[in-house]
Amino acid sequence: MPDNLTDLITELALANRILGHEGVLDAFGHVSVRHPSDPGRYLLPRSRSPLLIEPDDILEYTLDSEPVKPPKVALYAERVIHGCIYQARSDVMAVCHHHAAAVLPFCVAEKPIVPVFHLGGTIGEEIPFWDQHDEFGDTNLLVVKQEEGRSLARTLGQHSVVLMKRHGATVVGGGLKELVSRSIFLCQNAEYQMRAHMLGAVAPLHRGEIKLAGTVNLMPIVVARTWEYWSRRLEAAGAWPPRGGAKRARGVQGKPARATPRARGKGKRR
Ligand SMILES: [Zn+2]
């Protein structure tokens, strides 16, 4: 991950847009990253749909999920998910919370997602379930209180993903590129598992295979390749660079990016 704050902010905006474009995030969901020089803070956009995030939307928070500067914009209600996980897990550098269509059937039926193909090894051997109702009774299902965030982080434990009953999933990573890969592979795995189930009994990867495949598919050279691929798809769709951040944002090759005519036409605020 870049240790330069400006570059990391651009990378976080790109991560939000990639996951929006690849169908993990929709109007809702969010991605954060731990501050590069202060582990007691994290970066998260203002309340806005991920596919529209620009570098200027990104704010700094303490691990209590309080904005460092008084906000002039609306904030994500569920930001305690991020702060509580960063508090509980010093190894976590990036967090994504989403309600992806691919995982929701498993969250509703409370059926486990298990790694069923090699890239699915990145989700780990076991994904715990968290049911907000168990501890907090009737709520609107949004994770907004510190105690709710801490409860979710406890259930996540040392795992890479936690499924949230009737709600969605939260994924963690050692960096933004790893997080983006794991979040997309989780959704692909869920889709393949569901389709394979229609054909017959589904056998997950063996324990050793999960470890080996999970490790190799998160190597820096591999996540750099997937990051470039998903970034180029975003550019080809005219959704990168961001309209308002073209001066600061860089293209996927690290060169200053210029907004294409198509990109300039899109990205109008809705
Ligand atoms: Zn949510």
# chains A, B, ... in the order shown; residues from 1 in each chain; ligands from 1
>>> residues_near_ligand(ligand="ligand 1", cutoff="9 Å", atoms="only C-alpha atoms and all ligand atoms", output="list in words")
Phe28, Gly29, His30, Ala77, Glu78, His97, His98, His99, Leu141, Leu142, Val143, Met164, His167, Gly168, Ala169 and Thr170 of chain A
>>> write_last_selection(atoms="C-alpha atoms", output="short mmCIF file (atom, residue, chain, number, x, y, z; two decimals), in the first residue's frame")
data_model
loop_
_atom_site.label_atom_id
_atom_site.label_comp_id
_atom_site.auth_asym_id
_atom_site.auth_seq_id
_atom_site.Cartn_x
_atom_site.Cartn_y
_atom_site.Cartn_z
CA PHE A 28 -24.90 1.01 -0.13
CA GLY A 29 -21.81 -0.55 1.38
CA HIS A 30 -18.43 1.05 2.04
CA ALA A 77 -24.29 5.32 9.73
CA GLU A 78 -22.48 1.98 9.94
CA HIS A 97 -18.95 -3.93 4.40
CA HIS A 98 -21.48 -4.90 1.75
CA HIS A 99 -24.89 -6.40 0.97
CA LEU A 141 -30.40 -4.15 11.45
CA LEU A 142 -27.94 -1.31 10.90
CA VAL A 143 -24.74 -1.60 12.93
CA MET A 164 -24.34 -10.94 8.94
CA HIS A 167 -28.00 -8.14 6.26
CA GLY A 168 -24.75 -8.82 4.35
CA ALA A 169 -21.07 -9.40 4.95
CA THR A 170 -17.94 -7.70 6.23
#
>>> select_by_dssp(residues="region 143-256 of chain A", states="strand (DSSP E)", output="VMD selection string")
chain A and resid 161 to 164 168 to 173
>>> closest_residue(among="A:Arg182, A:Arg207, A:Lys111, A:His21", to="Ser231 (chain A)", atoms="only C-alpha atoms")
A:His21
>>> atom_distance(atom1="CA of Tyr229 (chain A)", atom2="CA of Leu44 (chain A)")
23.7 Å
>>> residues_around(residues="region 123-126 of chain A", least_positions_apart="4", cutoff="9 Å", atoms="only C-alpha atoms", output="ChimeraX atom specification")
/A:112-115,119,159-161,171,182-183,185-186,189,205-207,210-211,214
>>> write_last_selection(atoms="N, CA and C atoms", output="compact mmCIF listing (two decimals), in the first residue's frame")
# COMPACT_ATOMS: atom_id res chain seq x y z
N PRO A 112 -23.62 -21.91 5.29
CA PRO A 112 -22.22 -21.46 5.20
C PRO A 112 -21.73 -21.31 3.76
N ILE A 113 -20.95 -20.27 3.52
CA ILE A 113 -20.20 -20.17 2.27
C ILE A 113 -18.86 -20.85 2.53
N VAL A 114 -18.54 -21.84 1.70
CA VAL A 114 -17.27 -22.56 1.85
C VAL A 114 -16.47 -22.42 0.55
N PRO A 115 -15.15 -22.44 0.61
CA PRO A 115 -14.37 -22.29 -0.62
C PRO A 115 -14.61 -23.48 -1.56
N LEU A 119 -9.70 -19.76 -6.29
CA LEU A 119 -9.66 -18.36 -5.85
C LEU A 119 -10.51 -18.16 -4.59
N HIS A 159 -10.93 -14.41 11.66
CA HIS A 159 -11.32 -14.80 10.30
C HIS A 159 -11.19 -13.62 9.34
N SER A 160 -11.37 -13.90 8.05
CA SER A 160 -11.25 -12.85 7.02
C SER A 160 -12.60 -12.29 6.60
N VAL A 161 -13.66 -13.01 6.91
CA VAL A 161 -15.02 -12.61 6.50
C VAL A 161 -15.98 -12.97 7.64
N VAL A 171 -15.78 -7.87 5.17
CA VAL A 171 -14.56 -8.53 4.71
C VAL A 171 -13.38 -7.68 5.17
N ARG A 182 -10.29 -10.32 -2.27
CA ARG A 182 -11.07 -11.23 -1.41
C ARG A 182 -12.57 -10.93 -1.51
N SER A 183 -12.94 -9.66 -1.59
CA SER A 183 -14.36 -9.30 -1.64
C SER A 183 -15.00 -9.80 -2.94
N PHE A 185 -13.77 -12.28 -4.91
CA PHE A 185 -13.73 -13.75 -4.95
C PHE A 185 -14.77 -14.36 -4.00
N LEU A 186 -15.10 -13.67 -2.92
CA LEU A 186 -16.17 -14.16 -2.04
C LEU A 186 -17.48 -14.24 -2.81
N ASN A 189 -17.33 -16.99 -5.43
CA ASN A 189 -17.42 -18.29 -4.76
C ASN A 189 -18.88 -18.59 -4.37
N LEU A 205 -12.93 -27.15 -0.96
CA LEU A 205 -11.51 -27.45 -1.04
C LEU A 205 -11.08 -28.17 0.24
N HIS A 206 -10.03 -28.96 0.13
CA HIS A 206 -9.47 -29.57 1.33
C HIS A 206 -8.75 -28.49 2.16
N ARG A 207 -8.60 -28.75 3.44
CA ARG A 207 -8.01 -27.76 4.35
C ARG A 207 -6.65 -27.27 3.84
N ILE A 210 -7.05 -24.98 0.84
CA ILE A 210 -7.53 -23.63 1.19
C ILE A 210 -6.34 -22.77 1.59
N LYS A 211 -5.46 -23.34 2.39
CA LYS A 211 -4.29 -22.59 2.86
C LYS A 211 -3.37 -22.25 1.69
N GLY A 214 -5.27 -20.02 -0.91
CA GLY A 214 -5.53 -18.71 -0.32
C GLY A 214 -4.28 -17.86 -0.28
>>> select_by_dssp(residues="region 112-222 of chain A", states="helix (DSSP H, G or I)", output="number ranges by chain")
A: 118-123, 132-136, 146-156, 176-199, 207-216, 220-222
>>> closest_residue(among="A:Met219, A:Val80, A:Ile18, A:Ala213", to="Gln146 (chain A)", atoms="only C-alpha atoms")
A:Val80
>>> atom_distance(atom1="CA of Glu66 (chain A)", atom2="CA of Pro128 (chain A)")
27.7 Å
>>> closest_residue(among="A:Asp3, A:Trp240, A:Gln158, A:Phe117", to="Ala203 (chain A)", atoms="only C-alpha atoms")
A:Phe117
>>> atom_distance(atom1="CA of His133 (chain A)", atom2="CA of His82 (chain A)")
20.0 Å
